[in-house]
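Participant: Got a structure for you, data-v8.cif, holding mmCIF, C-alpha atoms and all ligand atoms.
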data_my_file
#
loop_
_atom_site.label_atom_id
_atom_site.label_comp_id
_atom_site.auth_asym_id
_atom_site.auth_seq_id
_atom_site.Cartn_x
_atom_site.Cartn_y
_atom_site.Cartn_z
CA MET A 1 219.02 337.08 100.83
CA ALA A 2 222.69 337.67 100.05
CA ALA A 3 224.81 339.26 102.76
CA ASP A 4 224.95 342.64 101.04
CA VAL A 5 221.19 342.87 100.65
CA LEU A 6 219.49 345.24 103.07
CA PRO A 7 216.30 343.38 104.14
CA TYR A 8 213.03 345.24 104.79
CA GLY A 9 212.93 343.98 108.35
CA ARG A 10 215.07 341.89 110.65
CA GLN A 11 215.10 340.76 114.27
CA LEU A 12 217.82 341.96 116.64
CA LEU A 13 218.92 339.34 119.21
CA ASP A 14 221.77 339.60 121.69
CA ASP A 15 223.61 337.15 123.97
CA GLU A 16 221.18 337.81 126.80
CA ASP A 17 218.26 336.70 124.60
CA ILE A 18 220.12 333.54 123.61
CA GLU A 19 221.07 332.72 127.22
CA GLU A 20 217.44 333.10 128.32
CA VAL A 21 216.34 330.58 125.70
CA VAL A 22 219.11 328.15 126.62
CA ARG A 23 218.14 328.44 130.28
CA VAL A 24 214.65 327.17 129.37
CA LEU A 25 216.11 324.31 127.34
CA ARG A 26 218.01 323.19 130.45
CA SER A 27 214.97 323.57 132.73
CA ASP A 28 212.02 321.31 133.58
CA PHE A 29 209.47 323.14 131.45
CA LEU A 30 209.61 323.58 127.70
CA THR A 31 205.97 324.65 127.70
CA GLN A 32 203.40 325.78 130.30
CA GLY A 33 206.19 326.79 132.64
CA PRO A 34 207.20 330.04 134.32
CA ALA A 35 208.48 331.87 131.23
CA ILE A 36 204.96 332.35 129.88
CA GLU A 37 203.87 334.24 132.96
CA ARG A 38 207.08 336.28 132.89
CA PHE A 39 206.46 337.29 129.30
CA GLU A 40 202.79 338.07 129.93
CA LYS A 41 203.76 340.24 132.91
CA ALA A 42 206.44 342.06 130.91
CA VAL A 43 204.00 342.95 128.14
CA THR A 44 201.11 343.95 130.41
CA ALA A 45 203.46 346.02 132.58
CA TRP A 46 204.73 347.89 129.55
CA CYS A 47 201.28 348.41 128.06
CA GLY A 48 199.52 349.18 131.32
CA ALA A 49 196.87 346.50 130.80
CA SER A 50 195.68 344.18 133.54
CA HIS A 51 195.74 340.84 131.68
CA GLY A 52 197.97 339.26 129.05
CA ILE A 53 197.42 335.89 127.38
CA ALA A 54 200.35 334.63 125.31
CA MET A 55 199.63 332.48 122.28
CA ALA A 56 201.24 330.61 119.41
CA ASN A 57 201.01 333.53 116.98
CA GLY A 58 199.20 336.78 116.36
CA THR A 59 196.61 335.17 114.12
CA ALA A 60 195.56 332.86 116.97
CA THR A 61 195.05 335.88 119.23
CA LEU A 62 192.74 337.52 116.67
CA HIS A 63 190.79 334.28 116.30
CA LEU A 64 190.28 333.84 120.04
CA ALA A 65 189.50 337.52 120.56
CA CYS A 66 186.65 337.12 118.06
CA LYS A 67 185.54 333.89 119.76
CA ALA A 68 185.59 335.50 123.19
CA LEU A 69 183.27 338.23 121.87
CA ASP A 70 180.93 335.47 120.63
CA VAL A 71 181.49 336.23 116.95
CA GLY A 72 179.73 333.52 114.95
CA HIS A 73 177.38 332.75 112.08
CA GLY A 74 175.19 335.68 111.18
CA ASP A 75 177.60 338.26 112.62
CA SER A 76 179.76 340.61 110.67
CA VAL A 77 183.20 341.96 111.45
CA TRP A 78 184.72 345.00 109.78
CA THR A 79 188.38 345.77 109.30
CA SER A 80 190.74 347.64 106.99
CA PRO A 81 191.46 346.33 103.48
CA ILE A 82 195.11 347.39 103.86
CA THR A 83 196.33 344.80 106.32
CA PHE A 84 197.73 341.31 106.55
CA VAL A 85 195.01 338.76 105.72
CA ALA A 86 194.94 337.59 109.36
CA SER A 87 192.95 340.67 110.45
CA ALA A 88 190.05 339.54 108.24
CA ASN A 89 190.49 335.75 108.29
CA CYS A 90 189.94 335.61 112.07
CA ALA A 91 186.26 336.49 111.64
CA ARG A 92 185.82 333.87 108.93
CA TYR A 93 187.29 331.19 111.23
CA CYS A 94 184.28 331.93 113.45
CA GLY A 95 181.80 331.65 110.59
CA ALA A 96 181.16 335.38 110.49
CA LYS A 97 181.01 337.67 107.47
CA VAL A 98 183.85 340.10 106.83
CA ASP A 99 183.49 343.56 105.40
CA PHE A 100 185.97 346.39 104.98
CA VAL A 101 186.05 350.12 105.65
CA ASP A 102 188.19 352.08 103.22
CA VAL A 103 191.35 353.77 104.46
CA ASP A 104 192.22 357.38 105.11
CA PRO A 105 194.29 358.54 102.11
CA GLY A 106 196.91 360.16 104.36
CA THR A 107 197.59 357.68 107.15
CA VAL A 108 196.21 354.63 105.28
CA ASN A 109 194.53 353.61 108.54
CA LEU A 110 190.86 352.65 108.70
CA CYS A 111 189.10 355.95 108.03
CA PRO A 112 186.80 357.11 110.87
CA ASP A 113 184.66 359.26 108.52
CA ARG A 114 184.06 356.34 106.18
CA LEU A 115 183.37 354.14 109.18
CA ALA A 116 180.76 356.62 110.45
CA ALA A 117 179.08 356.77 107.03
CA LYS A 118 179.08 352.99 106.65
CA LEU A 119 177.63 352.53 110.14
CA GLU A 120 174.85 354.98 109.43
CA GLN A 121 173.92 353.01 106.33
CA ALA A 122 174.27 349.66 108.12
CA GLU A 123 171.97 350.80 110.89
CA LYS A 124 169.25 351.46 108.31
CA ASN A 125 169.85 348.08 106.65
CA GLY A 126 170.11 346.16 109.90
CA THR A 127 173.66 345.06 109.05
CA LEU A 128 175.66 346.64 111.88
CA PRO A 129 178.93 344.86 112.69
CA LYS A 130 179.42 342.99 115.95
CA VAL A 131 183.14 343.79 116.02
CA VAL A 132 185.43 346.30 114.32
CA ILE A 133 189.14 345.51 114.06
CA PRO A 134 191.17 348.70 113.53
CA VAL A 135 194.69 347.89 112.35
CA HIS A 136 197.45 350.27 113.43
CA PHE A 137 199.04 350.29 110.01
CA ALA A 138 202.84 350.49 109.91
CA GLY A 139 202.70 351.13 113.68
CA GLN A 140 200.63 354.31 113.68
CA ASN A 141 197.46 354.24 115.79
CA CYS A 142 194.08 354.51 114.15
CA ALA A 143 191.86 357.39 115.29
CA MET A 144 190.86 355.32 118.31
CA ASP A 145 189.06 358.13 120.14
CA ARG A 146 186.64 358.50 117.23
CA ILE A 147 186.28 354.78 116.57
CA HIS A 148 185.60 354.25 120.28
CA ALA A 149 182.94 356.98 120.26
CA LEU A 150 181.27 355.27 117.29
CA SER A 151 181.32 351.95 119.16
CA GLN A 152 179.38 353.61 121.99
CA LYS A 153 176.82 354.95 119.54
CA TYR A 154 176.34 351.78 117.49
CA GLY A 155 177.12 349.09 120.05
CA PHE A 156 179.96 347.22 118.41
CA ARG A 157 183.04 345.82 120.17
CA ILE A 158 186.64 346.67 119.28
CA ILE A 159 189.70 344.47 118.88
CA GLU A 160 192.81 346.52 118.06
CA ASP A 161 195.24 344.78 115.72
CA ALA A 162 198.48 346.17 117.14
CA ALA A 163 200.79 343.71 115.34
CA HIS A 164 202.74 346.72 114.01
CA ALA A 165 202.36 349.07 116.91
CA LEU A 166 203.98 347.84 120.14
CA GLY A 167 206.32 350.54 121.46
CA GLY A 168 204.14 353.41 120.27
CA THR A 169 201.71 355.70 122.04
CA TYR A 170 198.33 357.29 121.35
CA LEU A 171 197.21 360.45 123.14
CA ASN A 172 200.20 359.95 125.45
CA GLU A 173 199.15 356.46 126.48
CA ARG A 174 200.86 353.25 125.51
CA VAL A 175 199.58 350.98 122.79
CA GLY A 176 198.05 347.84 124.24
CA ASN A 177 196.48 349.45 127.31
CA CYS A 178 192.95 348.84 125.95
CA ARG A 179 191.78 352.35 126.78
CA TRP A 180 189.77 352.37 123.52
CA SER A 181 189.01 348.71 122.99
CA ASP A 182 187.97 345.40 124.51
CA MET A 183 191.18 343.65 123.58
CA VAL A 184 194.45 344.37 121.81
CA SER A 185 196.18 341.76 119.64
CA HIS A 186 199.98 341.67 119.43
CA SER A 187 202.32 339.67 117.17
CA PHE A 188 205.91 338.64 117.86
CA HIS A 189 206.85 337.33 114.43
CA PRO A 190 210.57 338.09 113.76
CA VAL A 191 209.86 341.09 111.51
CA LYS A 192 207.70 342.74 114.18
CA ILE A 193 208.88 345.13 116.92
CA ILE A 194 210.01 342.43 119.36
CA THR A 195 210.06 338.70 118.66
CA SER A 196 209.48 335.33 120.28
CA GLY A 197 210.12 333.45 117.01
CA GLU A 198 206.41 332.96 116.45
CA GLY A 199 204.02 334.32 119.01
CA GLY A 200 201.21 336.64 119.93
CA MET A 201 199.40 338.05 122.93
CA ILE A 202 196.02 339.45 123.85
CA THR A 203 196.03 342.28 126.34
CA THR A 204 192.77 343.23 128.02
CA ASN A 205 191.41 344.89 131.14
CA ASP A 206 188.31 342.70 131.24
CA PRO A 207 188.81 339.71 133.59
CA ALA A 208 185.95 337.73 132.01
CA LEU A 209 187.41 338.12 128.50
CA ALA A 210 190.86 337.20 129.82
CA GLN A 211 189.50 334.04 131.41
CA ARG A 212 187.60 333.06 128.28
CA VAL A 213 190.57 333.64 125.95
CA SER A 214 192.85 331.77 128.29
CA MET A 215 190.50 328.78 128.39
CA LEU A 216 190.03 328.79 124.61
CA ARG A 217 193.83 328.71 124.28
CA THR A 218 193.78 325.21 125.82
CA HIS A 219 190.83 323.38 124.25
CA GLY A 220 188.22 325.22 126.32
CA ILE A 221 189.40 323.19 129.31
CA THR A 222 189.34 324.36 132.92
CA ARG A 223 190.66 322.92 136.17
CA ASP A 224 188.94 325.65 138.18
CA ALA A 225 186.09 324.01 140.14
CA SER A 226 184.17 327.31 140.26
CA LEU A 227 183.82 327.22 136.47
CA MET A 228 182.69 323.61 136.24
CA THR A 229 179.13 322.66 135.44
CA SER A 230 179.13 319.78 137.92
CA LYS A 231 181.07 318.53 140.91
CA SER A 232 184.74 317.64 140.50
CA HIS A 233 185.49 313.87 140.37
CA GLY A 234 188.81 314.42 142.16
CA PRO A 235 192.20 316.08 141.92
CA TRP A 236 192.79 314.80 138.35
CA TYR A 237 189.55 316.24 137.06
CA TYR A 238 189.12 318.85 134.36
CA GLN A 239 186.21 319.89 132.21
CA GLN A 240 185.93 321.05 128.65
CA ILE A 241 183.42 323.91 128.90
CA GLU A 242 183.43 324.87 125.23
CA LEU A 243 185.26 323.94 122.04
CA GLY A 244 188.73 325.49 122.13
CA TYR A 245 192.12 325.00 120.51
CA ASN A 246 195.74 324.33 121.28
CA TYR A 247 197.11 327.83 120.73
CA ARG A 248 199.72 327.72 123.49
CA MET A 249 203.09 329.40 123.27
CA THR A 250 206.15 327.42 124.38
CA ASP A 251 208.36 328.56 127.25
CA ILE A 252 211.24 328.60 124.76
CA GLN A 253 209.43 331.32 122.83
CA ALA A 254 208.23 333.15 125.93
CA ALA A 255 211.76 333.35 127.35
CA LEU A 256 212.91 335.02 124.17
CA GLY A 257 209.92 337.35 124.18
CA ALA A 258 210.41 338.34 127.83
CA SER A 259 214.07 339.08 127.21
CA GLN A 260 213.23 341.10 124.11
CA MET A 261 210.79 343.21 126.14
CA ASN A 262 213.82 344.63 127.99
CA LYS A 263 214.83 346.21 124.69
CA LEU A 264 211.45 347.41 123.51
CA ASP A 265 211.99 351.08 124.35
CA ALA A 266 215.43 351.09 122.76
CA PHE A 267 214.13 349.37 119.62
CA ALA A 268 211.22 351.79 119.32
CA ALA A 269 213.51 354.79 119.84
CA ARG A 270 215.86 353.57 117.11
CA ARG A 271 212.95 353.01 114.71
CA ARG A 272 211.77 356.58 115.32
CA VAL A 273 215.26 357.89 114.53
CA ILE A 274 215.38 355.92 111.28
CA ALA A 275 211.92 357.17 110.28
CA ASP A 276 213.02 360.77 110.84
CA LEU A 277 216.22 360.16 108.86
CA TYR A 278 214.14 358.77 105.99
CA ASP A 279 211.78 361.75 106.08
CA GLN A 280 214.74 364.11 105.78
CA ALA A 281 216.69 362.08 103.22
CA LEU A 282 213.74 361.56 100.90
CA ALA A 283 212.34 365.10 101.00
CA GLY A 284 212.23 366.56 97.52
CA LEU A 285 211.98 363.20 95.71
CA PRO A 286 208.78 362.44 93.75
CA LEU A 287 207.28 360.37 96.54
CA ARG A 288 205.61 360.86 99.90
CA PRO A 289 205.63 359.03 103.24
CA LEU A 290 202.43 358.17 105.11
CA ALA A 291 200.88 361.16 106.84
CA ARG A 292 201.73 361.36 110.54
CA ASP A 293 198.88 361.76 112.99
CA PRO A 294 200.09 364.19 115.68
CA GLN A 295 197.83 362.41 118.24
CA GLY A 296 200.22 359.49 118.49
CA VAL A 297 203.76 358.18 118.20
CA SER A 298 204.13 355.29 115.78
CA GLY A 299 205.78 351.99 116.70
CA TRP A 300 207.31 352.21 113.19
CA HIS A 301 207.10 348.53 112.28
CA LEU A 302 207.28 349.61 108.64
CA TYR A 303 208.29 352.65 106.64
CA MET A 304 206.32 353.05 103.43
CA ILE A 305 206.63 355.48 100.59
CA ARG A 306 204.03 356.27 97.94
CA LEU A 307 205.36 357.14 94.50
CA ASN A 308 204.10 360.30 92.82
CA LEU A 309 203.52 358.32 89.65
CA GLY A 310 202.41 361.41 87.70
CA GLU A 311 205.86 362.94 88.18
CA ILE A 312 208.04 360.04 87.03
CA SER A 313 208.34 358.07 83.82
CA ARG A 314 208.67 354.67 85.56
CA ASN A 315 205.94 352.57 87.10
CA ARG A 316 205.90 351.07 90.59
CA ARG A 317 207.05 347.67 89.39
CA GLU A 318 210.08 349.15 87.60
CA VAL A 319 211.05 351.18 90.65
CA PHE A 320 210.59 348.12 92.88
CA GLU A 321 212.67 345.85 90.62
CA SER A 322 215.43 348.43 90.30
CA LEU A 323 215.63 348.75 94.11
CA ARG A 324 215.80 344.97 94.50
CA ALA A 325 218.52 344.80 91.82
CA GLN A 326 220.47 347.38 93.82
CA GLY A 327 220.35 345.21 96.94
CA ILE A 328 217.54 347.04 98.71
CA GLY A 329 215.15 344.40 100.06
CA VAL A 330 211.98 346.38 99.46
CA ASN A 331 208.52 344.87 99.83
CA VAL A 332 204.89 345.87 99.39
CA HIS A 333 202.48 346.00 102.33
CA TYR A 334 199.77 345.11 101.52
CA ILE A 335 197.89 343.71 98.58
CA PRO A 336 194.36 344.84 99.54
CA VAL A 337 192.72 341.87 101.26
CA HIS A 338 189.49 342.24 99.28
CA LEU A 339 191.45 341.67 96.05
CA GLN A 340 192.71 338.24 97.16
CA PRO A 341 191.14 335.41 95.12
CA ASP A 342 189.70 333.82 98.25
CA TYR A 343 187.89 337.11 98.99
CA ALA A 344 186.72 337.49 95.38
CA LYS A 345 184.84 334.22 96.01
CA LEU A 346 182.89 336.10 98.70
CA GLY A 347 181.86 338.77 96.21
CA PHE A 348 184.53 341.43 96.71
CA THR A 349 185.73 343.11 93.53
CA SER A 350 188.15 345.83 92.59
CA GLY A 351 186.71 349.32 92.82
CA MET A 352 185.01 348.67 96.15
CA PHE A 353 187.64 350.39 98.30
CA PRO A 354 189.28 352.96 96.01
CA GLU A 355 191.62 354.62 98.53
CA ALA A 356 193.06 351.23 99.46
CA GLU A 357 193.50 350.30 95.81
CA ARG A 358 195.12 353.65 94.96
CA TYR A 359 197.52 353.23 97.85
CA TYR A 360 198.42 349.74 96.69
CA GLU A 361 199.32 350.99 93.18
CA GLU A 362 201.85 353.47 94.60
CA ALA A 363 203.29 351.77 97.67
CA ILE A 364 206.76 350.46 98.40
CA THR A 365 208.01 349.38 101.84
CA LEU A 366 211.59 350.44 102.56
CA PRO A 367 213.95 348.63 104.95
CA MET A 368 213.24 349.45 108.61
CA PHE A 369 214.75 347.61 111.57
CA PRO A 370 216.62 348.70 114.70
CA ALA A 371 220.03 347.38 113.60
CA MET A 372 219.96 349.57 110.48
CA LYS A 373 222.77 352.09 110.31
CA ASP A 374 222.30 355.77 109.54
CA SER A 375 224.38 355.16 106.41
CA ASP A 376 221.85 352.54 105.26
CA VAL A 377 219.27 355.33 104.93
CA GLU A 378 221.66 357.16 102.62
CA ARG A 379 222.17 353.94 100.66
CA VAL A 380 218.41 353.58 100.21
CA ARG A 381 218.14 357.21 99.10
CA SER A 382 220.84 356.79 96.42
CA ALA A 383 219.21 353.61 95.16
CA LEU A 384 215.84 355.40 95.03
CA VAL A 385 217.28 358.31 93.07
CA ASN A 386 218.55 355.73 90.55
CA ALA A 387 215.34 353.77 90.51
CA LEU A 388 213.10 356.80 90.06
CA GLY A 389 215.26 358.09 87.19
CA VAL A 390 215.35 361.62 88.66
C1 LIG B 401 201.85 339.98 111.57
C2 LIG B 401 200.46 340.42 111.61
C3 LIG B 401 199.45 339.70 112.28
C4 LIG B 401 199.66 338.39 112.98
O1 LIG B 401 200.52 337.59 112.35
P1 LIG B 401 201.19 336.28 112.96
O2 LIG B 401 202.21 335.97 111.92
O3 LIG B 401 200.12 335.27 113.04
O4 LIG B 401 201.80 336.58 114.29
C5 LIG B 401 198.18 340.24 112.32
N1 LIG B 401 197.90 341.41 111.74
C6 LIG B 401 198.83 342.13 111.10
C7 LIG B 401 198.46 343.45 110.51
C8 LIG B 401 200.13 341.65 110.99
O5 LIG B 401 201.05 342.37 110.34
#
Spell out the structure here as structure tokens.
Ligand SMILES: *Cc1c(COP(=O)(O)O)cnc(C)c1O
Facilitator:
Amino acid sequence: MAADVLPYGRQLLDDEDIEEVVRVLRSDFLTQGPAIERFEKAVTAWCGASHGIAMANGTATLHLACKALDVGHGDSVWTSPITFVASANCARYCGAKVDFVDVDPGTVNLCPDRLAAKLEQAEKNGTLPKVVIPVHFAGQNCAMDRIHALSQKYGFRIIEDAAHALGGTYLNERVGNCRWSDMVSHSFHPVKIITSGEGGMITTNDPALAQRVSMLRTHGITRDASLMTSKSHGPWYYQQIELGYNYRMTDIQAALGASQMNKLDAFAARRRVIADLYDQALAGLPLRPLARDPQGVSGWHLYMIRLNLGEISRNRREVFESLRAQGIGVNVHYIPVHLQPDYAKLGFTSGMFPEAERYYEEAITLPMFPAMKDSDVERVRSALVNALGV
């Protein structure tokens, strides 16, 4: 993008971050060295979880979280249709079926009432899910207390997709602490809250899941004699216990991630300020932000608006193109996953998840990143006034 374009998201790195990466480049370990453990400790300390397993990207963490819960052929996994494709693809990597639960029209998070209704039906049909993956859309927590209660009733496991949510809280506890789930998946892609270039992490309080995920990260290989199925041949010996992957993160990435964790609270605080500025600046325009759930504090990865299309003479595409032409790097999050051609092949069609589809017709993602200036919010507002023709 040109220099005068305001992007929708952008990383914020400082000299300290750069020095930490350079330090690794001058050290003995580019991968599988001490920076990984440092990063894992920094994230688990912030979240208040007992284990952290760093990985190559967030998608890999979702894949291995499913694997560690034994998701496979014949199982089904449910998630939200308004998410990045990774939240659904992870189940398919394991050979499982994916299904979706429509979103709450206010928060656009997976709707607990619709989940309850779908579970009741599935119980009758014998099609209960093995795992549900609530996605904390835009950074705002799903109704985890209710989803957790449903998991107790129906016996499914929970993987939270917190790719948007690090830095936020739910019922006064930090995202990632696994209070309501088996595992929480994090992403450190540059547009997310903190970055390691590419990267992801599983946080969990379950030592057995942590061990399994950590082994799957490196081909399913262990050097721990207590896990081996037969006697060690000697000090060089390792065993592959199950089929795993190479999903390791490099120390170069982990050093950046660990350094970025020092800024997490400041980044999150700045994002909250920008969100409040947007709420104030945009009040009175023919649009609405996502509803805020008072039970939590969002990590504010994204700031979306929904156009009140009945009140304006332009359509979403015209408003979007006008904003882009004015140098506002808007985006749309997300095209409902079930409408992707690769999901149509599985039998999903439009009309199946109407709240998700309605949201998609109206949605625009505005710029949101910690280095944004207060005056940028005003710039977005002026461009919106133009674009909406009001
Ligand atoms: C970014 C993201 C992921 C993981 O993405 P990676 O690019 O693989 O780190 C997963 N779920 C959601 C909702 C995301 O936005």
Participant: Just checking: using only C-alpha atoms and all ligand atoms, which residue out of A:Pro105, A:Gly72, A:Gly155, A:Pro190 ends up closest to ligand LIG 401 (chain B)?
Facilitator: A:Pro190
Participant: Expressed in Å to a single decimal, how great is the separation between CA of Gln239 (chain A) and CA of Ala208 (chain A)?
Facilitator: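 CA of Ala208 (chain A) lies at a distance of 17.8 Å from CA of Gln239 (chain A).
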Participant: Would you mind reading off the distance between atom O4 of ligand LIG 401 (chain B) and CA of Thr203 (chain A), one decimal, in Å?
Facilitator: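 For atom O4 of ligand LIG 401 (chain B) relative to CA of Thr203 (chain A), the distance reads 14.5 Å.
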Participant: With distances taken over only C-alpha atoms and all ligand atoms, which of A:Leu290, A:Leu128, A:Val390, A:Val85 is nearest to ligand LIG 401 (chain B)?
Facilitator: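 With only C-alpha atoms and all ligand atoms as the atom set, the closest residue is A:Val85.
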Participant: Which of these, A:Gly176, A:Gly257, A:Pro207, A:Gly220, has the shortest distance to Arg38 (chain A) once you count only C-alpha atoms?
Facilitator: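 When distances to Arg38 (chain A) are compared using only C-alpha atoms, the smallest one comes from A:Gly257.
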Participant: Name the residues, by chain letter and number, that sit within 9 Å of ligand LIG 401 (chain B) using all atoms listed in the file, and give them as number ranges by chain.
Facilitator: A: 56-62, 82-88, 135-138, 161-164, 185-192, 198-200, 301, 333
Participant: As an exercise, work out the distance from CA of Phe267 (chain A) to CA of Leu287 (chain A) in Å and give it to one decimal place.
Facilitator: 26.5 Å
Participant: Got a sec to check which residues sit within 12 Å of (208.0, 328.8, 131.8), counting only C-alpha atoms, and write them as a VMD selection string?
Facilitator: chain A and resid 20 to 21 23 to 40 54 248 to 258
Participant: From the set A:Tyr8, A:Phe156, A:Tyr170, A:Trp46, which residue has the shortest atom-to-atom contact distance to Ser298 (chain A), counting all atoms listed in the file?
Facilitator: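 Selected residue with least distance to Ser298 (chain A): A:Tyr170.
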Participant: Applying 10 Å and only C-alpha atoms, which residues near Gln211 (chain A) remain after dropping the ones on its own chain fewer than 3 positions away? List them as a count of residues only.
Facilitator: 11
Participant: Would you mind telling me which residue in A:Ser50, A:Asn262, A:Gln295, A:Ser226 lies nearest to Arg179 (chain A) when using all atoms listed in the file?
Facilitator: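 Using all atoms listed in the file, Arg179 (chain A) sits closest to A:Ser50.
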Participant: When distances are computed from only C-alpha atoms, which of A:Leu150, A:Ala266, A:Val103, A:Val98 shows the smallest separation from Val71 (chain A)?
Facilitator: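 Result for the nearest residue to Val71 (chain A): A:Val98.
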Participant: Taking 5 positions as the minimum chain separation for residues in the same chain, which residues sit within 9 Å of Leu384 (chain A) when counting all atoms listed in the file? Answer as a PDB file with C-alpha atoms, in the frame of the given file.
Facilitator:
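Resulting contents of result_6.pdb:
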ATOM      1  CA  LEU A 282     213.740 361.560 100.900  1.00  0.00           C
ATOM      2  CA  LEU A 285     211.980 363.200  95.710  1.00  0.00           C
ATOM      3  CA  VAL A 319     211.050 351.180  90.650  1.00  0.00           C
ATOM      4  CA  SER A 322     215.430 348.430  90.300  1.00  0.00           C
ATOM      5  CA  LEU A 323     215.630 348.750  94.110  1.00  0.00           C
ATOM      6  CA  ARG A 379     222.170 353.940 100.660  1.00  0.00           C
ATOM      7  CA  GLY A 389     215.260 358.090  87.190  1.00  0.00           C
ATOM      8  CA  VAL A 390     215.350 361.620  88.660  1.00  0.00           C
TER       9      VAL A 390
END
Participant: Around all the atoms of region 130-144 of chain A listed in the file, with 8 Å of room on each side, what axis-aligned box do you get, giving centre and edge lengths in Å to one decimal, as AutoDock Vina command-line options?
Facilitator:
--center_x 191.1 --center_y 350.2 --center_z 114.1 --size_x 39.4 --size_y 30.4 --size_z 24.4
